[in-house]
Every structure is written in structure tokens, then in C-alpha cells.
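Structure first, then comments.
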Amino acid sequence: MPPRNGIGVTGFVLGLVGLVFSPIPFIGVIAWPLVILGLIFSIIGLIRVKNGKASNKGLSITGIALSALGLVVCVVWIFVFNAAVNEVNNELNRTAKVSYEITGDATNVEVIYGEVLNPLTETVPALPWNKEVENKGVYKGGTLTVTTGETGGSVTCKITVDGAMVSTKTASGEFATAACTGV
């Protein structure tokens, strides 16, 4: 009866399972120990074959290849994940030049503007009205809401972020509201 290679088979199975899990986001974390152990067991299995203590050389070599490929996929995920985190972090910390503008014929309008989590409020006696600010965060354009009073009239709000118009809305009548949200 020829010698068997249980260690090589174990390395093959660990490498295969690790390779299957390695490209899956978040779940792929469990692939790290699988492919590392698969590589170790497959190499030990190959050494046993060369020493004549085991058979099944092909399975050990396949285990090494699968484990190495799984390890490469895991390493690539580290770079992809780090690049994505850096990109998001850079965008969140980037400052955008934002222009808020309100036009129309309404008088004594209530204006709410600024960053989404920290808006400012003003009562504006006559239009047009505009503000230039710098915003950070996810919604660089922030928010701009204008409400007419009891005398009514028409209003148009407009948000421009870094020179590009991102939102405009119009409303008219008594206590009418135009709400713009910058993305």
C-alpha cells in the first residue's frame, strides 16, 4: 500500500476554501488564516512526497498554487480597501466653495442655509440674497430653504458647488417653501 499524503490534502482543501472566500468583501478576512495554513500544509506535503513518505504530489502542488493565489487576492484587497478609505477620507475633508442664491419678488422671507448638520437662519427683508461659504462633509452643497411670509410672492433658490449648479427650486404663494439640497 503506497503512503498517503493527508497533510497535502489538508493544504489543498484549506487553499481551495481560502481562495473561494478571499474575493468576498469583509467575509474574505477569514481567508487569511486559511490560505496561510494551506500554503504551509501543502509545502509540508510536497516535502513529504520528495522524501518518499507520502504520495499525491499533484494535490500538494495544486494546494500551493491555490493558497498562493488566495494570498495574492487577500493582499490585493488590502490595497483596494486602503485606496477606497483614503478616497472617502479625502473627499470628506475637502472644502468646497458653495454659493447660495435666492431670487424672486417676495419680501421678509425666512432663509435656512449651510451645512446639513449646522444650518444658519436669517430673515431677509428684500430679494435678491446670496451667500458664499465653504463647506466640508458628505453633502458639500449643504441645504438652502426659503419660505415666503404672509404677503406671499415667488422665490427661487439655487445652490452652486465649486462653480457647478447642483440644485434649484421655485415656489410661490403665501408661506410657500422652496428647498434646495446640494449633493
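In the C-alpha cells, chains take the letters A, B, ... in the order shown, each chain's residues start at 1, and ligands count up from 1 in the order shown.
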What are the closest atom pairs, with distances in Å to one decimal, for all residues of stretch 15-40 of chain A lying within 9 Å of stretch 75-94 of chain A? Consider only C-alpha atoms, order rows by chain and residue number, and present the result as a Markdown table.
| residue | atom | partner | partner_atom | distance |
| --- | --- | --- | --- | --- |
| A:Ser22 | CA | A:Trp77 | CA | 8.4 |
| A:Pro23 | CA | A:Trp77 | CA | 7.6 |
| A:Pro25 | CA | A:Trp77 | CA | 8.2 |
| A:Gly28 | CA | A:Trp77 | CA | 8.9 |
Long-range neighbours of A:Phe12 as a PDB file with all heavy atoms, in the first residue's frame, 10 Å cut-off, only C-alpha atoms, 3 positions minimum in chain:
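Once everything was written out, this is around.pdb:
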ATOM      1  N   GLY A   6      -2.006  12.919   3.759  1.00  0.00           N
ATOM      2  CA  GLY A   6      -3.089  13.644   4.443  1.00  0.00           C
ATOM      3  C   GLY A   6      -2.764  15.111   4.650  1.00  0.00           C
ATOM      4  O   GLY A   6      -3.628  15.977   4.562  1.00  0.00           O
ATOM      5  N   ILE A   7      -1.507  15.409   4.899  1.00  0.00           N
ATOM      6  CA  ILE A   7      -1.104  16.812   5.101  1.00  0.00           C
ATOM      7  C   ILE A   7      -1.247  17.584   3.786  1.00  0.00           C
ATOM      8  O   ILE A   7      -1.731  18.717   3.772  1.00  0.00           O
ATOM      9  CB  ILE A   7       0.334  16.881   5.655  1.00  0.00           C
ATOM     10  CG1 ILE A   7       0.345  16.310   7.078  1.00  0.00           C
ATOM     11  CG2 ILE A   7       0.852  18.307   5.643  1.00  0.00           C
ATOM     12  CD1 ILE A   7       1.706  16.251   7.710  1.00  0.00           C
ATOM     13  N   GLY A   8      -0.857  16.985   2.688  1.00  0.00           N
ATOM     14  CA  GLY A   8      -1.007  17.630   1.381  1.00  0.00           C
ATOM     15  C   GLY A   8      -2.462  17.852   1.019  1.00  0.00           C
ATOM     16  O   GLY A   8      -2.834  18.896   0.466  1.00  0.00           O
ATOM     17  N   VAL A   9      -3.320  16.869   1.331  1.00  0.00           N
ATOM     18  CA  VAL A   9      -4.759  17.013   1.075  1.00  0.00           C
ATOM     19  C   VAL A   9      -5.326  18.142   1.937  1.00  0.00           C
ATOM     20  O   VAL A   9      -6.123  18.956   1.468  1.00  0.00           O
ATOM     21  CB  VAL A   9      -5.502  15.680   1.350  1.00  0.00           C
ATOM     22  CG1 VAL A   9      -7.004  15.885   1.298  1.00  0.00           C
ATOM     23  CG2 VAL A   9      -5.070  14.616   0.362  1.00  0.00           C
ATOM     24  N   GLY A  15      -6.369  25.671   1.047  1.00  0.00           N
ATOM     25  CA  GLY A  15      -6.089  26.626  -0.027  1.00  0.00           C
ATOM     26  C   GLY A  15      -7.301  26.878  -0.900  1.00  0.00           C
ATOM     27  O   GLY A  15      -7.593  28.023  -1.272  1.00  0.00           O
ATOM     28  N   LEU A  16      -8.044  25.813  -1.210  1.00  0.00           N
ATOM     29  CA  LEU A  16      -9.241  25.957  -2.040  1.00  0.00           C
ATOM     30  C   LEU A  16     -10.315  26.778  -1.336  1.00  0.00           C
ATOM     31  O   LEU A  16     -10.873  27.716  -1.908  1.00  0.00           O
ATOM     32  CB  LEU A  16      -9.791  24.567  -2.413  1.00  0.00           C
ATOM     33  CG  LEU A  16     -11.057  24.563  -3.275  1.00  0.00           C
ATOM     34  CD1 LEU A  16     -10.775  25.197  -4.624  1.00  0.00           C
ATOM     35  CD2 LEU A  16     -11.565  23.134  -3.438  1.00  0.00           C
ATOM     36  N   VAL A  17     -10.582  26.454  -0.081  1.00  0.00           N
ATOM     37  CA  VAL A  17     -11.608  27.193   0.671  1.00  0.00           C
ATOM     38  C   VAL A  17     -11.167  28.645   0.864  1.00  0.00           C
ATOM     39  O   VAL A  17     -11.962  29.578   0.713  1.00  0.00           O
ATOM     40  CB  VAL A  17     -11.900  26.507   2.028  1.00  0.00           C
ATOM     41  CG1 VAL A  17     -12.812  27.355   2.887  1.00  0.00           C
ATOM     42  CG2 VAL A  17     -12.510  25.130   1.803  1.00  0.00           C
ATOM     43  N   GLY A  18      -9.889  28.845   1.170  1.00  0.00           N
ATOM     44  CA  GLY A  18      -9.377  30.209   1.324  1.00  0.00           C
ATOM     45  C   GLY A  18      -9.492  31.010   0.047  1.00  0.00           C
ATOM     46  O   GLY A  18      -9.862  32.188   0.061  1.00  0.00           O
ATOM     47  N   VAL A  35      -5.543  30.461   3.789  1.00  0.00           N
ATOM     48  CA  VAL A  35      -4.546  30.368   2.719  1.00  0.00           C
ATOM     49  C   VAL A  35      -3.134  30.236   3.283  1.00  0.00           C
ATOM     50  O   VAL A  35      -2.297  29.539   2.694  1.00  0.00           O
ATOM     51  CB  VAL A  35      -4.643  31.545   1.709  1.00  0.00           C
ATOM     52  CG1 VAL A  35      -5.969  31.508   0.976  1.00  0.00           C
ATOM     53  CG2 VAL A  35      -4.419  32.883   2.367  1.00  0.00           C
ATOM     54  N   LEU A  37      -2.321  28.755   6.218  1.00  0.00           N
ATOM     55  CA  LEU A  37      -2.208  27.359   6.661  1.00  0.00           C
ATOM     56  C   LEU A  37      -2.194  26.399   5.470  1.00  0.00           C
ATOM     57  O   LEU A  37      -1.469  25.398   5.487  1.00  0.00           O
ATOM     58  CB  LEU A  37      -3.353  27.014   7.610  1.00  0.00           C
ATOM     59  CG  LEU A  37      -3.276  27.646   9.001  1.00  0.00           C
ATOM     60  CD1 LEU A  37      -4.548  27.374   9.788  1.00  0.00           C
ATOM     61  CD2 LEU A  37      -2.049  27.135   9.747  1.00  0.00           C
ATOM     62  N   GLY A  38      -3.000  26.701   4.446  1.00  0.00           N
ATOM     63  CA  GLY A  38      -2.999  25.870   3.240  1.00  0.00           C
ATOM     64  C   GLY A  38      -1.642  25.841   2.585  1.00  0.00           C
ATOM     65  O   GLY A  38      -1.172  24.784   2.124  1.00  0.00           O
ATOM     66  N   LEU A  39      -0.970  26.981   2.526  1.00  0.00           N
ATOM     67  CA  LEU A  39       0.368  27.061   1.942  1.00  0.00           C
ATOM     68  C   LEU A  39       1.362  26.234   2.775  1.00  0.00           C
ATOM     69  O   LEU A  39       2.154  25.451   2.228  1.00  0.00           O
ATOM     70  CB  LEU A  39       0.808  28.529   1.860  1.00  0.00           C
ATOM     71  CG  LEU A  39       2.047  28.848   1.058  1.00  0.00           C
ATOM     72  CD1 LEU A  39       1.884  28.414  -0.391  1.00  0.00           C
ATOM     73  CD2 LEU A  39       2.333  30.346   1.120  1.00  0.00           C
ATOM     74  N   PHE A  41       0.737  23.683   4.943  1.00  0.00           N
ATOM     75  CA  PHE A  41       0.456  22.246   4.853  1.00  0.00           C
ATOM     76  C   PHE A  41       0.814  21.680   3.473  1.00  0.00           C
ATOM     77  O   PHE A  41       1.315  20.560   3.368  1.00  0.00           O
ATOM     78  CB  PHE A  41      -1.017  21.949   5.173  1.00  0.00           C
ATOM     79  CG  PHE A  41      -1.321  21.926   6.643  1.00  0.00           C
ATOM     80  CD1 PHE A  41      -2.093  22.915   7.220  1.00  0.00           C
ATOM     81  CD2 PHE A  41      -0.844  20.894   7.447  1.00  0.00           C
ATOM     82  CE1 PHE A  41      -2.375  22.887   8.577  1.00  0.00           C
ATOM     83  CE2 PHE A  41      -1.129  20.853   8.799  1.00  0.00           C
ATOM     84  CZ  PHE A  41      -1.896  21.860   9.379  1.00  0.00           C
ATOM     85  N   SER A  42       0.547  22.437   2.421  1.00  0.00           N
ATOM     86  CA  SER A  42       0.869  21.962   1.067  1.00  0.00           C
ATOM     87  C   SER A  42       2.371  21.833   0.867  1.00  0.00           C
ATOM     88  O   SER A  42       2.843  20.882   0.241  1.00  0.00           O
ATOM     89  CB  SER A  42       0.268  22.893   0.018  1.00  0.00           C
ATOM     90  OG  SER A  42      -1.138  22.848   0.067  1.00  0.00           O
ATOM     91  N   GLY A  45       3.431  18.818   2.726  1.00  0.00           N
ATOM     92  CA  GLY A  45       3.028  17.649   1.945  1.00  0.00           C
ATOM     93  C   GLY A  45       3.960  17.391   0.785  1.00  0.00           C
ATOM     94  O   GLY A  45       4.303  16.231   0.484  1.00  0.00           O
ATOM     95  N   GLY A  58       0.723  15.843  -6.989  1.00  0.00           N
ATOM     96  CA  GLY A  58      -0.094  16.818  -7.718  1.00  0.00           C
ATOM     97  C   GLY A  58      -1.026  17.606  -6.828  1.00  0.00           C
ATOM     98  O   GLY A  58      -1.217  18.817  -7.001  1.00  0.00           O
ATOM     99  N   LEU A  59      -1.601  16.942  -5.827  1.00  0.00           N
ATOM    100  CA  LEU A  59      -2.518  17.628  -4.905  1.00  0.00           C
ATOM    101  C   LEU A  59      -1.763  18.638  -4.041  1.00  0.00           C
ATOM    102  O   LEU A  59      -2.273  19.726  -3.766  1.00  0.00           O
ATOM    103  CB  LEU A  59      -3.233  16.591  -4.035  1.00  0.00           C
ATOM    104  CG  LEU A  59      -4.583  16.990  -3.481  1.00  0.00           C
ATOM    105  CD1 LEU A  59      -5.538  17.402  -4.590  1.00  0.00           C
ATOM    106  CD2 LEU A  59      -5.176  15.848  -2.676  1.00  0.00           C
ATOM    107  N   SER A  60      -0.550  18.293  -3.635  1.00  0.00           N
ATOM    108  CA  SER A  60       0.263  19.232  -2.845  1.00  0.00           C
ATOM    109  C   SER A  60       0.636  20.456  -3.673  1.00  0.00           C
ATOM    110  O   SER A  60       0.574  21.591  -3.193  1.00  0.00           O
ATOM    111  CB  SER A  60       1.528  18.548  -2.340  1.00  0.00           C
ATOM    112  OG  SER A  60       1.216  17.557  -1.404  1.00  0.00           O
ATOM    113  N   ILE A  61       1.032  20.237  -4.922  1.00  0.00           N
ATOM    114  CA  ILE A  61       1.394  21.361  -5.794  1.00  0.00           C
ATOM    115  C   ILE A  61       0.163  22.237  -6.065  1.00  0.00           C
ATOM    116  O   ILE A  61       0.246  23.461  -6.038  1.00  0.00           O
ATOM    117  CB  ILE A  61       2.031  20.843  -7.104  1.00  0.00           C
ATOM    118  CG1 ILE A  61       3.383  20.214  -6.803  1.00  0.00           C
ATOM    119  CG2 ILE A  61       2.165  21.957  -8.130  1.00  0.00           C
ATOM    120  CD1 ILE A  61       4.029  19.501  -7.972  1.00  0.00           C
ATOM    121  N   THR A  62      -0.975  21.603  -6.306  1.00  0.00           N
ATOM    122  CA  THR A  62      -2.212  22.370  -6.523  1.00  0.00           C
ATOM    123  C   THR A  62      -2.577  23.161  -5.277  1.00  0.00           C
ATOM    124  O   THR A  62      -3.022  24.306  -5.358  1.00  0.00           O
ATOM    125  CB  THR A  62      -3.363  21.421  -6.924  1.00  0.00           C
ATOM    126  OG1 THR A  62      -2.962  20.657  -8.063  1.00  0.00           O
ATOM    127  CG2 THR A  62      -4.616  22.199  -7.244  1.00  0.00           C
ATOM    128  N   GLY A  63      -2.369  22.551  -4.095  1.00  0.00           N
ATOM    129  CA  GLY A  63      -2.626  23.260  -2.834  1.00  0.00           C
ATOM    130  C   GLY A  63      -1.750  24.485  -2.681  1.00  0.00           C
ATOM    131  O   GLY A  63      -2.197  25.541  -2.224  1.00  0.00           O
ATOM    132  N   ILE A  64      -0.475  24.352  -3.072  1.00  0.00           N
ATOM    133  CA  ILE A  64       0.437  25.505  -3.021  1.00  0.00           C
ATOM    134  C   ILE A  64      -0.053  26.602  -3.957  1.00  0.00           C
ATOM    135  O   ILE A  64      -0.103  27.783  -3.587  1.00  0.00           O
ATOM    136  CB  ILE A  64       1.882  25.074  -3.374  1.00  0.00           C
ATOM    137  CG1 ILE A  64       2.457  24.200  -2.276  1.00  0.00           C
ATOM    138  CG2 ILE A  64       2.769  26.300  -3.618  1.00  0.00           C
ATOM    139  CD1 ILE A  64       3.789  23.545  -2.623  1.00  0.00           C
ATOM    140  N   ALA A  65      -0.429  26.223  -5.180  1.00  0.00           N
ATOM    141  CA  ALA A  65      -0.887  27.212  -6.162  1.00  0.00           C
ATOM    142  C   ALA A  65      -2.167  27.908  -5.696  1.00  0.00           C
ATOM    143  O   ALA A  65      -2.290  29.144  -5.776  1.00  0.00           O
ATOM    144  CB  ALA A  65      -1.109  26.540  -7.511  1.00  0.00           C
ATOM    145  N   LEU A  66      -3.147  27.136  -5.198  1.00  0.00           N
ATOM    146  CA  LEU A  66      -4.411  27.739  -4.741  1.00  0.00           C
ATOM    147  C   LEU A  66      -4.187  28.659  -3.544  1.00  0.00           C
ATOM    148  O   LEU A  66      -4.753  29.749  -3.470  1.00  0.00           O
ATOM    149  CB  LEU A  66      -5.415  26.645  -4.371  1.00  0.00           C
ATOM    150  CG  LEU A  66      -5.955  25.782  -5.507  1.00  0.00           C
ATOM    151  CD1 LEU A  66      -6.817  24.652  -4.952  1.00  0.00           C
ATOM    152  CD2 LEU A  66      -6.732  26.625  -6.498  1.00  0.00           C
ATOM    153  N   SER A  67      -3.338  28.205  -2.602  1.00  0.00           N
ATOM    154  CA  SER A  67      -3.056  29.020  -1.416  1.00  0.00           C
ATOM    155  C   SER A  67      -2.341  30.314  -1.794  1.00  0.00           C
ATOM    156  O   SER A  67      -2.659  31.390  -1.280  1.00  0.00           O
ATOM    157  CB  SER A  67      -2.212  28.228  -0.423  1.00  0.00           C
ATOM    158  OG  SER A  67      -2.909  27.093   0.027  1.00  0.00           O
TER     159      SER A  67
END
Report task. Taking the DSSP assignment computed from this structure's backbone, write out as a ChimeraX atom specification all residues of chain A that belong to strand (DSSP E or B). Result -> /A:96-104,109-115,118-124,129-135,143-147,154-161,164-172,177-181
Requested in this report: List the neighbours of stretch 150-153 of chain A out to 10 Å using only C-alpha atoms; skip same-chain residues closer than 6 positions along the sequence, and give me the result as a count of residues only.
Outcome: 12
Query raised in the report: With only C-alpha atoms as the atoms that count, which of A:Ala164, A:Ala96, A:Leu71, A:Ala179 lies nearest to A:Glu110?
Result: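 Ranked by minimum distance to A:Glu110, first place goes to A:Ala179.
Of the residues under consideration (A:Pro33, A:Tyr113, A:Thr10, A:Thr170), A:Thr170 shows the shortest atom-to-atom contact distance to A:Cys157 when counting only C-alpha atoms.
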Report summary line: Using only C-alpha atoms, the shortest atom-to-atom distance to A:Gly142 among A:Val73, A:Val155, A:Val116, A:Val124 belongs to A:Val116
**Report entry** Test item, alpha helix (DSSP H) assignment across stretch 5-183 of chain A, answer as a count of residues only
**Finding:** 73
Pick out the residues sitting within 10 Å of A:Arg48, and hand them over as an mmCIF file with all heavy atoms, in the first residue's frame; count only C-alpha atoms, and ignore anything fewer than 4 positions along from it in its own chain.
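Result file part_37.cif:
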data_model
loop_
_atom_site.group_PDB
_atom_site.id
_atom_site.type_symbol
_atom_site.label_atom_id
_atom_site.label_comp_id
_atom_site.auth_asym_id
_atom_site.auth_seq_id
_atom_site.Cartn_x
_atom_site.Cartn_y
_atom_site.Cartn_z
ATOM 1 N N PRO A 3 2.237 5.066 0.500
ATOM 2 C CA PRO A 3 1.981 6.058 1.547
ATOM 3 C C PRO A 3 0.998 7.128 1.066
ATOM 4 O O PRO A 3 0.936 7.441 -0.108
ATOM 5 C CB PRO A 3 3.354 6.654 1.822
ATOM 6 C CG PRO A 3 4.206 6.301 0.666
ATOM 7 C CD PRO A 3 3.599 5.089 0.015
ATOM 8 N N ARG A 4 0.238 7.657 2.011
ATOM 9 C CA ARG A 4 -0.752 8.686 1.678
ATOM 10 C C ARG A 4 -0.243 10.054 2.113
ATOM 11 O O ARG A 4 0.684 10.162 2.896
ATOM 12 C CB ARG A 4 -2.081 8.369 2.350
ATOM 13 C CG ARG A 4 -2.594 7.049 1.862
ATOM 14 C CD ARG A 4 -4.000 6.879 2.224
ATOM 15 N NE ARG A 4 -4.423 5.615 1.603
ATOM 16 C CZ ARG A 4 -5.630 5.385 1.232
ATOM 17 N NH1 ARG A 4 -6.555 6.274 1.417
ATOM 18 N NH2 ARG A 4 -5.946 4.250 0.685
ATOM 19 N N ASN A 5 -0.952 11.077 1.643
ATOM 20 C CA ASN A 5 -0.495 12.434 1.920
ATOM 21 C C ASN A 5 -1.635 13.249 2.527
ATOM 22 O O ASN A 5 -2.181 14.139 1.897
ATOM 23 C CB ASN A 5 0.015 13.079 0.624
ATOM 24 C CG ASN A 5 0.795 14.342 0.890
ATOM 25 O OD1 ASN A 5 0.900 14.790 2.023
ATOM 26 N ND2 ASN A 5 1.333 14.921 -0.157
ATOM 27 N N ILE A 7 -1.507 15.409 4.899
ATOM 28 C CA ILE A 7 -1.104 16.812 5.101
ATOM 29 C C ILE A 7 -1.247 17.584 3.786
ATOM 30 O O ILE A 7 -1.731 18.717 3.772
ATOM 31 C CB ILE A 7 0.334 16.881 5.655
ATOM 32 C CG1 ILE A 7 0.345 16.310 7.078
ATOM 33 C CG2 ILE A 7 0.852 18.307 5.643
ATOM 34 C CD1 ILE A 7 1.706 16.251 7.710
ATOM 35 N N GLY A 8 -0.857 16.985 2.688
ATOM 36 C CA GLY A 8 -1.007 17.630 1.381
ATOM 37 C C GLY A 8 -2.462 17.852 1.019
ATOM 38 O O GLY A 8 -2.834 18.896 0.466
ATOM 39 N N SER A 42 0.547 22.437 2.421
ATOM 40 C CA SER A 42 0.869 21.962 1.067
ATOM 41 C C SER A 42 2.371 21.833 0.867
ATOM 42 O O SER A 42 2.843 20.882 0.241
ATOM 43 C CB SER A 42 0.268 22.893 0.018
ATOM 44 O OG SER A 42 -1.138 22.848 0.067
ATOM 45 N N ILE A 43 3.132 22.782 1.399
ATOM 46 C CA ILE A 43 4.601 22.698 1.297
ATOM 47 C C ILE A 43 5.121 21.499 2.093
ATOM 48 O O ILE A 43 5.983 20.745 1.613
ATOM 49 C CB ILE A 43 5.259 24.024 1.770
ATOM 50 C CG1 ILE A 43 4.970 25.139 0.757
ATOM 51 C CG2 ILE A 43 6.758 23.846 1.976
ATOM 52 C CD1 ILE A 43 5.382 26.526 1.211
ATOM 53 N N ILE A 44 4.583 21.305 3.286
ATOM 54 C CA ILE A 44 4.980 20.135 4.087
ATOM 55 C C ILE A 44 4.626 18.844 3.334
ATOM 56 O O ILE A 44 5.412 17.888 3.303
ATOM 57 C CB ILE A 44 4.335 20.174 5.484
ATOM 58 C CG1 ILE A 44 4.936 21.312 6.308
ATOM 59 C CG2 ILE A 44 4.515 18.840 6.205
ATOM 60 C CD1 ILE A 44 4.214 21.576 7.617
ATOM 61 N N GLY A 52 9.743 10.596 0.029
ATOM 62 C CA GLY A 52 9.199 9.256 -0.150
ATOM 63 C C GLY A 52 8.260 8.818 0.959
ATOM 64 O O GLY A 52 7.897 7.659 1.052
ATOM 65 N N LYS A 53 7.839 9.739 1.826
ATOM 66 C CA LYS A 53 6.957 9.403 2.942
ATOM 67 C C LYS A 53 5.489 9.567 2.580
ATOM 68 O O LYS A 53 4.629 9.250 3.395
ATOM 69 C CB LYS A 53 7.279 10.280 4.160
ATOM 70 C CG LYS A 53 8.651 10.073 4.710
ATOM 71 C CD LYS A 53 8.891 10.985 5.883
ATOM 72 C CE LYS A 53 10.311 10.796 6.410
ATOM 73 N NZ LYS A 53 10.617 11.727 7.476
ATOM 74 N N ALA A 54 5.200 10.124 1.411
ATOM 75 C CA ALA A 54 3.810 10.373 1.014
ATOM 76 C C ALA A 54 3.700 10.323 -0.499
ATOM 77 O O ALA A 54 4.689 10.366 -1.226
ATOM 78 C CB ALA A 54 3.349 11.727 1.540
ATOM 79 N N SER A 55 2.464 10.205 -0.946
ATOM 80 C CA SER A 55 2.190 10.243 -2.382
ATOM 81 C C SER A 55 1.306 11.452 -2.672
ATOM 82 O O SER A 55 1.104 12.296 -1.815
ATOM 83 C CB SER A 55 1.484 8.943 -2.801
ATOM 84 O OG SER A 55 0.258 8.822 -2.113
ATOM 85 N N ASN A 56 0.767 11.522 -3.871
ATOM 86 C CA ASN A 56 -0.169 12.568 -4.241
ATOM 87 C C ASN A 56 0.522 13.924 -4.386
ATOM 88 O O ASN A 56 0.077 14.932 -3.841
ATOM 89 C CB ASN A 56 -1.317 12.640 -3.243
ATOM 90 C CG ASN A 56 -2.621 12.981 -3.935
ATOM 91 O OD1 ASN A 56 -2.615 13.342 -5.107
ATOM 92 N ND2 ASN A 56 -3.712 12.860 -3.222
ATOM 93 N N LYS A 57 1.624 13.920 -5.135
ATOM 94 C CA LYS A 57 2.413 15.128 -5.373
ATOM 95 C C LYS A 57 1.571 16.222 -6.035
ATOM 96 O O LYS A 57 1.660 17.396 -5.688
ATOM 97 C CB LYS A 57 3.610 14.776 -6.252
ATOM 98 C CG LYS A 57 4.500 15.930 -6.597
ATOM 99 C CD LYS A 57 5.671 15.458 -7.453
ATOM 100 C CE LYS A 57 6.579 16.595 -7.830
ATOM 101 N NZ LYS A 57 7.699 16.143 -8.662
ATOM 102 N N SER A 60 -0.550 18.293 -3.635
ATOM 103 C CA SER A 60 0.263 19.232 -2.845
ATOM 104 C C SER A 60 0.636 20.456 -3.673
ATOM 105 O O SER A 60 0.574 21.591 -3.193
ATOM 106 C CB SER A 60 1.528 18.548 -2.340
ATOM 107 O OG SER A 60 1.216 17.557 -1.404
#
